[in-house]
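Visitor: Here you go, this is entry.csv (CSV, C-alpha atoms and all ligand atoms).
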```csv
chain,number,residue,atom,x,y,z
R,973,MET,CA,-107.2,137.2,34.3
R,974,ASN,CA,-110.7,138.7,34.1
R,975,HIS,CA,-111.7,141.1,31.3
R,976,ARG,CA,-111.4,144.2,33.5
R,977,ALA,CA,-107.8,143.2,34.5
R,978,GLU,CA,-107.0,142.4,30.8
R,979,ILE,CA,-108.0,145.8,29.6
R,980,GLN,CA,-106.0,147.5,32.3
R,981,GLU,CA,-103.0,145.4,31.6
R,982,TRP,CA,-103.1,146.5,27.9
R,983,PHE,CA,-103.3,150.1,28.9
R,984,ARG,CA,-100.4,149.8,31.4
R,985,ALA,CA,-98.2,147.9,28.9
R,986,ASN,CA,-98.9,150.2,25.9
R,987,PHE,CA,-99.3,153.6,27.4
R,988,LYS,CA,-97.9,156.2,25.1
R,989,ALA,CA,-96.0,159.1,26.6
R,990,ASN,CA,-97.4,161.3,23.8
R,991,PHE,CA,-101.0,160.7,25.0
R,992,SER,CA,-101.8,164.2,26.2
R,993,GLY,CA,-104.9,163.3,28.2
R,994,GLU,CA,-105.5,161.3,31.3
R,995,VAL,CA,-106.0,157.6,32.0
R,996,LEU,CA,-107.3,156.3,35.3
R,997,PHE,CA,-107.9,152.7,36.5
R,998,ASP,CA,-110.8,151.6,38.6
R,999,GLU,CA,-112.0,155.2,38.8
R,1000,PRO,CA,-115.4,155.6,40.6
R,1001,LEU,CA,-117.8,157.0,38.1
R,1002,LEU,CA,-119.8,158.7,40.8
R,1003,ARG,CA,-117.1,161.4,40.6
R,1004,HIS,CA,-118.1,162.0,37.0
R,1005,THR,CA,-121.9,161.8,37.0
R,1006,TYR,CA,-124.5,164.4,38.1
R,1007,TYR,CA,-126.3,161.7,40.2
R,1008,ARG,CA,-123.1,161.2,42.2
R,1009,ILE,CA,-123.8,157.5,41.7
R,1010,GLY,CA,-121.8,154.8,40.0
R,1011,GLY,CA,-119.1,152.1,40.5
R,1012,PRO,CA,-115.7,152.1,38.9
R,1013,ALA,CA,-114.8,152.0,35.3
R,1014,ALA,CA,-112.0,149.5,34.4
R,1015,VAL,CA,-110.4,152.4,32.5
R,1016,LEU,CA,-111.5,156.0,32.3
R,1017,ALA,CA,-109.7,157.9,29.6
R,1018,THR,CA,-110.0,161.7,29.1
R,1019,PRO,CA,-108.5,162.4,25.6
R,1020,LYS,CA,-107.4,165.9,24.7
R,1021,SER,CA,-106.8,165.6,21.0
R,1022,LEU,CA,-107.6,163.7,17.9
R,1023,ARG,CA,-104.3,161.9,18.3
R,1024,ASP,CA,-105.4,160.8,21.7
R,1025,VAL,CA,-108.6,159.5,20.2
R,1026,ALA,CA,-106.6,157.6,17.6
R,1027,TRP,CA,-104.6,155.8,20.3
R,1028,LEU,CA,-107.9,154.9,22.2
R,1029,ARG,CA,-109.2,153.5,18.9
R,1030,ALA,CA,-106.1,151.2,18.7
R,1031,ALA,CA,-106.7,150.2,22.4
R,1032,ILE,CA,-110.4,149.3,21.6
R,1033,THR,CA,-109.3,147.2,18.6
R,1034,ALA,CA,-106.6,145.4,20.5
R,1035,THR,CA,-108.6,144.6,23.6
R,1036,SER,CA,-112.2,144.3,22.2
R,1037,SER,CA,-113.2,146.4,25.1
R,1038,PRO,CA,-116.7,147.5,25.6
R,1039,VAL,CA,-116.7,151.3,25.3
R,1040,PHE,CA,-118.9,154.1,26.5
R,1041,VAL,CA,-118.7,157.8,25.7
R,1042,LEU,CA,-119.4,160.0,28.7
R,1043,GLY,CA,-120.0,163.7,28.4
R,1044,ALA,CA,-120.5,165.6,31.6
R,1045,GLY,CA,-122.6,162.7,33.0
R,1046,SER,CA,-125.8,164.8,33.5
R,1047,ASN,CA,-128.0,162.1,31.9
R,1048,VAL,CA,-126.5,158.8,32.9
R,1049,LEU,CA,-127.1,156.3,35.7
R,1050,VAL,CA,-124.1,154.1,36.2
R,1051,SER,CA,-124.7,150.8,38.0
R,1052,ASP,CA,-123.2,150.2,41.4
R,1053,ALA,CA,-120.9,147.5,40.0
R,1054,GLY,CA,-119.4,150.1,37.5
R,1055,PHE,CA,-118.4,149.4,33.9
R,1056,SER,CA,-115.9,146.7,32.9
R,1057,GLY,CA,-114.6,148.5,29.9
R,1058,LEU,CA,-113.3,151.7,28.6
R,1059,VAL,CA,-115.1,154.9,29.4
R,1060,ILE,CA,-114.1,157.9,27.2
R,1061,ARG,CA,-114.8,161.2,28.9
R,1062,SER,CA,-115.2,163.9,26.3
R,1063,THR,CA,-115.1,167.0,28.4
R,1064,LYS,CA,-111.5,168.0,27.5
R,1065,MET,CA,-111.4,166.6,24.0
R,1066,ASN,CA,-112.5,169.5,21.8
R,1067,THR,CA,-113.6,172.7,23.5
R,1068,GLU,CA,-113.3,175.0,20.4
R,1069,LEU,CA,-115.8,177.7,19.8
R,1070,THR,CA,-115.5,179.9,16.7
R,1071,GLU,CA,-117.8,182.1,14.7
R,1072,ARG,CA,-117.8,180.8,11.1
R,1073,ASN,CA,-119.8,183.7,9.8
R,1074,SER,CA,-122.6,186.0,11.0
R,1075,ARG,CA,-125.1,183.1,10.8
R,1076,SER,CA,-123.2,180.1,12.2
R,1077,VAL,CA,-120.8,179.1,14.9
R,1078,ARG,CA,-118.7,175.9,15.3
R,1079,ALA,CA,-118.5,174.3,18.8
R,1080,GLY,CA,-116.5,171.3,20.0
R,1081,ALA,CA,-118.3,168.3,21.5
R,1082,GLY,CA,-116.4,168.7,24.8
R,1083,LEU,CA,-117.4,172.3,25.3
R,1084,SER,CA,-119.9,172.9,28.2
R,1085,ILE,CA,-123.3,174.3,27.5
R,1086,SER,CA,-122.7,176.9,30.2
R,1087,ALA,CA,-119.5,178.1,28.4
R,1088,LEU,CA,-121.4,178.2,25.1
R,1089,LEU,CA,-124.2,180.3,26.7
R,1090,ARG,CA,-121.7,182.7,28.3
R,1091,ARG,CA,-120.0,183.4,25.0
R,1092,ALA,CA,-123.4,183.7,23.2
R,1093,MET,CA,-124.4,186.4,25.7
R,1094,HIS,CA,-121.1,188.2,25.2
R,1095,GLU,CA,-121.1,188.1,21.4
R,1096,GLY,CA,-124.9,188.5,20.9
R,1097,TRP,CA,-125.4,185.1,19.3
R,1098,SER,CA,-129.1,184.4,19.5
R,1099,GLY,CA,-130.2,180.8,18.9
R,1100,PHE,CA,-128.9,179.0,22.0
R,1101,GLU,CA,-131.5,180.3,24.4
R,1102,PHE,CA,-133.3,176.9,24.2
R,1103,LEU,CA,-130.3,175.3,26.0
R,1104,CYS,CA,-130.7,177.5,29.1
R,1105,GLY,CA,-130.5,175.4,32.3
R,1106,ILE,CA,-129.5,172.1,30.5
R,1107,PRO,CA,-126.2,171.0,32.0
R,1108,GLY,CA,-123.6,169.0,30.1
R,1109,THR,CA,-121.6,169.2,26.9
R,1110,VAL,CA,-122.3,170.1,23.3
R,1111,GLY,CA,-121.8,166.4,22.3
R,1112,GLY,CA,-124.2,165.2,25.0
R,1113,ALA,CA,-126.8,167.7,24.0
R,1114,ILE,CA,-126.6,166.5,20.3
R,1115,ALA,CA,-126.6,162.8,21.3
R,1116,MET,CA,-129.7,163.4,23.4
R,1117,ASN,CA,-131.5,166.0,21.1
R,1118,ALA,CA,-131.7,168.0,24.3
R,1119,GLY,CA,-134.3,170.7,24.6
R,1120,THR,CA,-136.7,172.8,26.6
R,1121,GLN,CA,-139.9,174.6,25.9
R,1122,LEU,CA,-137.9,177.0,23.8
R,1123,GLY,CA,-136.8,174.3,21.3
R,1124,GLU,CA,-134.6,171.3,20.7
R,1125,VAL,CA,-131.1,170.6,19.2
R,1126,LYS,CA,-132.7,169.4,16.0
R,1127,ASP,CA,-134.1,172.9,15.3
R,1128,HIS,CA,-130.7,174.6,15.6
R,1129,VAL,CA,-127.9,172.3,14.5
R,1130,LEU,CA,-126.6,172.5,10.9
R,1131,ARG,CA,-123.8,170.0,10.8
R,1132,VAL,CA,-122.3,167.3,13.1
R,1133,GLU,CA,-118.9,165.8,12.7
R,1134,THR,CA,-118.1,162.5,14.3
R,1135,VAL,CA,-114.9,160.5,14.8
R,1136,PRO,CA,-114.8,156.7,14.7
R,1137,LEU,CA,-113.9,154.7,17.8
R,1138,LEU,CA,-114.1,151.3,16.1
R,1139,GLU,CA,-111.7,150.7,13.3
R,1140,ALA,CA,-114.4,148.7,11.6
R,1141,SER,CA,-116.8,151.6,11.6
R,1142,LYS,CA,-114.5,153.8,9.4
R,1143,PRO,CA,-111.1,152.4,8.7
R,1144,GLY,CA,-108.3,154.9,9.0
R,1145,GLY,CA,-110.2,157.0,11.5
R,1146,THR,CA,-111.3,159.7,9.2
R,1147,PRO,CA,-114.1,162.0,10.5
R,1148,ILE,CA,-117.6,161.8,9.0
R,1149,ALA,CA,-120.0,164.8,8.6
R,1150,PHE,CA,-123.7,164.7,8.8
R,1151,GLU,CA,-125.9,167.6,7.6
R,1152,GLY,CA,-129.3,168.3,6.1
R,1153,ALA,CA,-131.6,165.3,5.8
R,1154,ASP,CA,-128.9,163.0,7.3
R,1155,LEU,CA,-129.3,164.8,10.7
R,1156,ARG,CA,-132.2,162.8,12.0
R,1157,PHE,CA,-133.6,163.2,15.5
R,1158,GLU,CA,-136.6,162.2,17.6
R,1159,TYR,CA,-137.8,163.4,21.0
R,1160,ARG,CA,-134.7,163.2,23.3
R,1161,ARG,CA,-132.6,160.9,20.9
R,1162,ASN,CA,-130.7,161.1,17.7
R,1163,LEU,CA,-131.2,158.6,14.9
R,1164,PHE,CA,-128.1,159.3,12.9
R,1165,LEU,CA,-125.1,158.5,15.1
R,1166,PRO,CA,-123.7,155.2,13.9
R,1167,ALA,CA,-122.4,152.6,16.4
R,1168,GLY,CA,-118.8,153.2,17.2
R,1169,GLN,CA,-118.8,156.9,16.4
R,1170,MET,CA,-118.2,159.8,18.8
R,1171,ILE,CA,-119.4,163.3,18.2
R,1172,TRP,CA,-116.5,165.6,17.7
R,1173,ALA,CA,-117.9,169.1,16.7
R,1174,ALA,CA,-121.0,170.8,15.4
R,1175,GLU,CA,-122.1,173.9,13.5
R,1176,TRP,CA,-125.1,175.8,14.8
R,1177,ARG,CA,-127.4,178.4,13.3
R,1178,ILE,CA,-127.3,181.8,15.0
R,1179,THR,CA,-129.0,185.1,14.6
R,1180,PRO,CA,-126.9,188.2,15.5
R,1181,LYS,CA,-128.6,190.4,18.1
R,1182,ALA,CA,-127.5,193.0,20.7
R,1183,PRO,CA,-125.6,191.2,23.4
R,1184,GLY,CA,-127.9,192.8,26.1
R,1185,GLU,CA,-130.9,191.2,24.4
R,1186,VAL,CA,-129.4,187.7,24.4
R,1187,LYS,CA,-128.3,188.1,28.0
R,1188,LEU,CA,-131.8,189.1,29.1
R,1189,ALA,CA,-133.3,186.1,27.4
R,1190,VAL,CA,-130.8,183.7,28.9
R,1191,GLU,CA,-131.0,185.1,32.4
R,1192,SER,CA,-134.8,185.1,32.5
R,1193,ALA,CA,-134.9,181.4,31.2
R,1194,LEU,CA,-132.4,180.4,33.9
R,1195,ALA,CA,-134.3,182.2,36.6
R,1196,ARG,CA,-137.6,180.5,35.6
R,1197,ARG,CA,-135.9,177.0,35.9
R,1198,LYS,CA,-134.4,177.7,39.3
R,1199,THR,CA,-137.9,178.1,40.8
R,1200,THR,CA,-139.3,174.8,39.3
R,1201,GLN,CA,-136.3,172.4,39.7
R,1202,PRO,CA,-134.8,170.8,42.8
R,1203,LEU,CA,-131.3,172.0,41.9
R,1204,GLU,CA,-130.2,171.7,45.6
R,1205,PHE,CA,-129.8,167.8,45.2
R,1206,PRO,CA,-127.8,165.7,42.7
R,1207,SER,CA,-130.0,164.4,39.9
R,1208,CYS,CA,-130.1,163.8,36.2
R,1209,GLY,CA,-133.1,166.0,35.5
R,1210,SER,CA,-136.2,164.4,34.1
R,1211,VAL,CA,-136.1,160.6,34.5
R,1212,PHE,CA,-138.9,159.7,32.1
R,1213,LYS,CA,-139.8,161.1,28.7
R,1214,ASN,CA,-143.3,162.7,28.5
R,1215,PRO,CA,-145.6,159.9,27.4
R,1216,GLY,CA,-147.4,162.0,24.8
R,1217,ALA,CA,-151.0,163.0,24.2
R,1218,GLY,CA,-150.5,166.1,26.2
R,1219,THR,CA,-149.6,164.2,29.4
R,1220,SER,CA,-146.4,165.0,31.2
R,1221,ALA,CA,-144.4,162.4,33.0
R,1222,TRP,CA,-144.5,164.4,36.3
R,1223,GLN,CA,-148.3,164.3,36.1
R,1224,VAL,CA,-148.2,160.5,35.9
R,1225,ILE,CA,-145.9,160.3,38.9
R,1226,ASN,CA,-148.3,162.6,40.8
R,1227,GLN,CA,-151.3,160.6,39.8
R,1228,LEU,CA,-149.6,157.4,41.1
R,1229,GLY,CA,-149.1,159.1,44.4
R,1230,LEU,CA,-145.3,158.7,44.0
R,1231,ARG,CA,-144.3,162.3,44.5
R,1232,GLY,CA,-141.9,162.4,47.4
R,1233,HIS,CA,-141.7,158.5,47.5
R,1234,ARG,CA,-138.3,157.2,48.6
R,1235,VAL,CA,-136.3,154.0,48.2
R,1236,GLY,CA,-133.1,154.2,50.3
R,1237,ASN,CA,-131.7,157.6,49.7
R,1238,ALA,CA,-133.3,158.2,46.3
R,1239,GLN,CA,-136.6,160.1,46.1
R,1240,PHE,CA,-139.1,161.3,43.5
R,1241,SER,CA,-138.6,165.0,44.2
R,1242,VAL,CA,-141.3,166.9,45.9
R,1243,LYS,CA,-140.5,170.0,43.9
R,1244,HIS,CA,-140.5,168.3,40.5
R,1245,SER,CA,-141.8,164.7,40.6
R,1246,ASN,CA,-140.2,163.6,37.3
R,1247,PHE,CA,-136.8,164.2,38.9
R,1248,ILE,CA,-135.3,161.5,41.1
R,1249,VAL,CA,-132.9,163.2,43.5
R,1250,ASN,CA,-130.0,161.7,45.5
R,1251,LEU,CA,-130.6,162.8,49.0
R,1252,GLY,CA,-127.1,161.6,49.9
R,1253,GLY,CA,-125.4,158.2,49.4
R,1254,ALA,CA,-128.2,156.8,47.1
R,1255,THR,CA,-127.2,153.8,45.0
R,1256,ALA,CA,-128.0,153.0,41.4
R,1257,ALA,CA,-130.2,150.1,42.8
R,1258,ASP,CA,-132.2,152.7,44.8
R,1259,VAL,CA,-132.8,154.8,41.7
R,1260,LYS,CA,-133.6,151.7,39.5
R,1261,ALA,CA,-136.1,150.5,42.1
R,1262,LEU,CA,-138.0,153.8,41.9
R,1263,ILE,CA,-137.9,153.7,38.1
R,1264,SER,CA,-139.2,150.1,38.0
R,1265,LEU,CA,-141.9,151.0,40.5
R,1266,ALA,CA,-143.2,153.9,38.5
R,1267,GLN,CA,-143.0,152.0,35.2
R,1268,SER,CA,-144.9,149.0,36.5
R,1269,ARG,CA,-147.6,151.0,38.3
R,1270,ALA,CA,-148.1,153.4,35.3
R,1271,LYS,CA,-148.6,150.4,33.0
R,1272,ALA,CA,-150.9,148.5,35.4
R,1273,GLU,CA,-153.0,151.3,36.7
R,1274,LEU,CA,-153.0,153.9,33.9
R,1275,GLY,CA,-152.1,151.9,30.8
R,1276,ILE,CA,-149.1,154.3,30.2
R,1277,ALA,CA,-145.7,153.1,29.1
R,1278,LEU,CA,-143.1,155.3,30.8
R,1279,GLU,CA,-139.8,155.4,28.8
R,1280,CYS,CA,-136.6,156.3,30.5
R,1281,GLU,CA,-134.9,159.5,29.3
R,1282,VAL,CA,-131.8,158.8,31.5
R,1283,HIS,CA,-129.3,156.3,30.0
R,1284,CYS,CA,-128.5,153.4,32.3
R,1285,ILE,CA,-125.1,151.9,31.8
R,1286,GLY,CA,-122.8,149.5,33.5
R,1287,ASP,CA,-122.4,145.9,34.5
I,1301,LIG,C1,-130.7,169.5,36.7
I,1301,LIG,C2,-130.8,169.0,35.3
I,1301,LIG,C3,-131.7,169.5,34.4
I,1301,LIG,C4,-131.8,169.0,33.1
I,1301,LIG,N1,-132.7,169.5,32.2
I,1301,LIG,C5,-132.8,169.1,31.0
I,1301,LIG,C6,-133.7,169.7,30.0
I,1301,LIG,O1,-134.3,170.7,30.3
I,1301,LIG,N2,-133.7,169.2,28.8
I,1301,LIG,C7,-133.0,168.1,28.4
I,1301,LIG,O2,-133.1,167.7,27.2
I,1301,LIG,N3,-132.1,167.5,29.3
I,1301,LIG,C8,-132.0,168.0,30.5
I,1301,LIG,N4,-131.2,167.3,31.4
I,1301,LIG,C9,-130.4,166.1,31.0
I,1301,LIG,C10,-129.0,166.4,30.5
I,1301,LIG,O3,-128.4,167.5,31.0
I,1301,LIG,C11,-129.0,166.4,28.9
I,1301,LIG,O4,-129.4,165.2,28.4
I,1301,LIG,C12,-127.5,166.7,28.4
I,1301,LIG,O5,-127.6,167.1,27.1
I,1301,LIG,C13,-126.6,165.6,28.6
I,1301,LIG,O6,-125.2,166.0,28.3
I,1301,LIG,P1,-123.9,165.4,28.9
I,1301,LIG,O7,-122.8,166.0,28.3
I,1301,LIG,O8,-124.0,165.4,30.4
I,1301,LIG,O9,-124.1,163.9,28.4
I,1301,LIG,P2,-124.0,162.5,29.3
I,1301,LIG,O10,-125.0,162.5,30.3
I,1301,LIG,O11,-122.6,162.3,29.7
I,1301,LIG,O12,-124.4,161.4,28.2
I,1301,LIG,C14,-125.7,161.4,27.7
I,1301,LIG,C15,-125.7,160.5,26.4
I,1301,LIG,O13,-125.0,161.2,25.4
I,1301,LIG,C16,-123.9,160.4,24.9
I,1301,LIG,N5,-122.8,161.3,24.6
I,1301,LIG,C17,-122.3,162.3,25.3
I,1301,LIG,N6,-121.3,162.9,24.7
I,1301,LIG,C18,-121.2,162.3,23.5
I,1301,LIG,C19,-120.3,162.4,22.4
I,1301,LIG,N7,-119.3,163.4,22.3
I,1301,LIG,N8,-120.4,161.6,21.3
I,1301,LIG,C20,-121.4,160.6,21.3
I,1301,LIG,N9,-122.2,160.4,22.3
I,1301,LIG,C21,-122.1,161.2,23.4
I,1301,LIG,C22,-123.6,159.4,26.0
I,1301,LIG,O14,-123.0,158.2,25.5
I,1301,LIG,C23,-124.9,159.1,26.6
I,1301,LIG,O15,-125.6,158.2,25.9
I,1301,LIG,C24,-131.0,167.8,32.7
I,1301,LIG,C25,-130.1,167.3,33.6
I,1301,LIG,C26,-130.0,167.8,34.9
I,1301,LIG,C27,-129.0,167.3,35.9
```
As a first step, turn the structure in this file into C-alpha cells.
Guide:
Amino acid sequence: MNHRAEIQEWFRANFKANFSGEVLFDEPLLRHTYYRIGGPAAVLATPKSLRDVAWLRAAITATSSPVFVLGAGSNVLVSDAGFSGLVIRSTKMNTELTERNSRSVRAGAGLSISALLRRAMHEGWSGFEFLCGIPGTVGGAIAMNAGTQLGEVKDHVLRVETVPLLEASKPGGTPIAFEGADLRFEYRRNLFLPAGQMIWAAEWRITPKAPGEVKLAVESALARRKTTQPLEFPSCGSVFKNPGAGTSAWQVINQLGLRGHRVGNAQFSVKHSNFIVNLGGATAADVKALISLAQSRAKAELGIALECEVHCIGD
C-alpha cells in the first residue's frame, strides 16, 4: 500500500462519529484554491471545533502524515499531482468575532477577511482598513503578514493563539499564546509560528469611530483596487515579493517584456503584471514555468532575485 492509501485507510478505520467537521478523500484542491489549480489531497479535513483538531492531531501522530494547513487558498499554488498527506482546511474551524473592549476585538482564524470588514463597518471598528481587498482568512493573513499600502498585520495584531498539530510540538495539545516582542514578522511572512502549530485566534487593536466613517474608508479602498487588479480571472494576487530598493516586482516583469506573456493557459496579467492569471484550465506546471522564466531572466539580465510570495505546495 502506498502512503496516500495508508493515510486514507487510517481515516476510514478510525473515523469518529463525533467529528463534527468533514473528511474527503482524493479531493481535488483546485476546488479550494483561488488559482482553481491543484491535484487531489489524500485527505482533506475541515474541522469545526478544537475537539475535531484534537482528533486530527491523533491522526497525524498515528500515520506520520505530512500535513498542510489551508486557509481560503488565496495564496497557494498546489502542484498538479496534489498532496499525498493531510490538508487541514481552516475555514470552518473558528469563526468567532467578539469585541473584547473598546480598543480590541478577538477574531477566529477561520473567519473570512470580508466578514471581518463587514462587521467593522457595522460597528465602527477602525483599524482593519489595511486589509481591504485581501481575500482569505484571519489565520492566512497572520501567517502571511498580509498587507497593503495602508499597513500590514504586524502593525495591528496584539496577540495570536495557536494550537498544536503535532503531539511533539506541545504534548497535551494545549494552546500557546504569542504577544508583544514574541510576535515577530517580516515582509509577507511571520517568524514566530513554530512548526506543527496552527493559528487558532487573534486579538486586534481597534479605534472606535463612526460606522459611516469606517464604511467610507473601506469602500474607497476597495474601489481603488478594483481598477488596478485583474479580478475577472482566478489568481493568487501578487506572485513575487517586491525586491526592495524602491523597485516593484511588476516593474521588473514589465522591464523583462513579460507583461501579457503566456505559458499554456497561465499569463502574466496585462492589467497588473505581478499577477499570474488562470485564463481557464491552466496547470500548476504552466504557472511554475512563468515563475521560473521571470526568476531566471531577472537574475541574468537585471541582477535581481525575485522571491515568490505565493506558497507552492504538493508532490
Ligand atoms: C486577488 C487577490 C489579491 C490579493 N491581494 C493581496 C494584498 O494586497 N496583500 C497581501 O498581503 N496579499 C494579497 N493576496 C494574497 C492572499 O490573499 C493573502 O496572502 C491572504 O492573507 C492568504 O489568506 P488565506 O486564508 O487564503 O491563506 P492560504 O492561501 O490558504 O494560505 C497561505 C499561507 O498561510 C498558511 N495558513 C493559512 N491559515 C493558517 C492557519 N490558521 N494557521 C497557520 N497557517 C495558516 C498556509 O499554510 C499558507 O502557508 C491577494 C490574493 C488575491 C487572490
Visitor: Would you mind listing the residues within 6 Å of ligand LIG 1301 (chain I), counting only C-alpha atoms and all ligand atoms, as a ChimeraX atom specification?
Guide: /R:1006,1040-1048,1062,1081,1106-1109,1111-1113,1115-1116,1118-1120,1170-1172,1203,1207-1209,1283
Visitor: With all atoms listed in the file as the basis for distance, which of R:Ile1263, R:Ile1178, R:Val1235, R:Ala1149 is at the shortest distance from R:Asn1073?
Guide: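 Among the listed residues, the smallest separation from R:Asn1073 belongs to R:Ile1178.
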Visitor: Would you kindly return, as a list of chain:residue names, each protein, DNA or RNA residue with an atom no farther than 10 Å from any atom of stretch 1077-1079 of chain R, considering all atoms listed in the file and excluding same-chain residues fewer than 3 positions away?
Guide: R:Asn1066, R:Thr1067, R:Glu1068, R:Leu1069, R:Thr1070, R:Glu1071, R:Arg1072, R:Asn1073, R:Ser1074, R:Gly1082, R:Leu1083, R:Ser1084, R:Ile1085, R:Leu1088, R:Ala1092, R:Trp1097, R:Val1110, R:Gly1111, R:Val1129, R:Leu1130, R:Arg1131, R:Val1132, R:Trp1172, R:Ala1173, R:Ala1174, R:Glu1175, R:Trp1176, R:Arg1177, R:Ile1178
Visitor: Can you find the residues with an atom no farther than 10 Å from (-109.6, 165.1, 23.8), counting all atoms listed in the file, and report them as a list of chain:residue names?
Guide: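 Returned residue set, sorted by chain then number, is R:Phe991, R:Ser992, R:Gly993, R:Glu994, R:Ala1017, R:Thr1018, R:Pro1019, R:Lys1020, R:Ser1021, R:Leu1022, R:Arg1023, R:Asp1024, R:Val1025, R:Ile1060, R:Arg1061, R:Ser1062, R:Thr1063, R:Lys1064, R:Met1065, R:Asn1066, R:Thr1067, R:Ala1081, R:Gly1082, R:Trp1172.
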Visitor: Please work out which residues fall within 12 Å of (-108.9, 152.6, 11.7), coordinates as given in the file, with only C-alpha atoms counting, and return them as a ChimeraX atom specification.
Guide: /R:1025-1034,1135-1147,1168-1169
Visitor: Tell me, as a VMD selection string, which residues lie within 10 Å of R:Ser1037, counting all atoms listed in the file; anything in the same chain fewer than 2 positions away does not count.
Guide: chain R and resid 975 to 976 978 to 979 1014 to 1015 1031 to 1035 1039 to 1040 1056 to 1059
Visitor: Here is a test: counting all atoms listed in the file, which residue of R:Val1242, R:Ala1272, R:Leu1155, R:Ala1256 is nearest to R:Gly1054?
Guide: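 Of R:Val1242, R:Ala1272, R:Leu1155, R:Ala1256, the one nearest R:Gly1054 is R:Ala1256, counting all atoms listed in the file.
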Visitor: For atom CA of R:Cys1280 and atom CA of R:Gln1267, quote the distance in Å rounded to one decimal.
Guide: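 Result for atom CA of R:Cys1280 versus atom CA of R:Gln1267: 9.0 Å, one decimal.
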Visitor: Report, in Å with one decimal, the straight-line distance from atom CA of R:Asn1246 to atom CA of R:Ile1225.
Guide: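 Atom CA of R:Ile1225 lies 6.8 Å from atom CA of R:Asn1246.
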Visitor: Identify which of the residues R:Leu1262, R:Leu1122, R:Ile1285, R:Leu1230 lies closest to R:His1244, counting all atoms listed in the file when measuring atom-to-atom distances.
Guide: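 Looking only at the distances to R:His1244, the closest residue turns out to be R:Leu1230.
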Visitor: Would you mind reading off the distance between atom CA of R:Asp1052 and atom CA of R:Ala1270, one decimal, in Å?
Guide: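 Those two atoms sit 25.8 Å apart.
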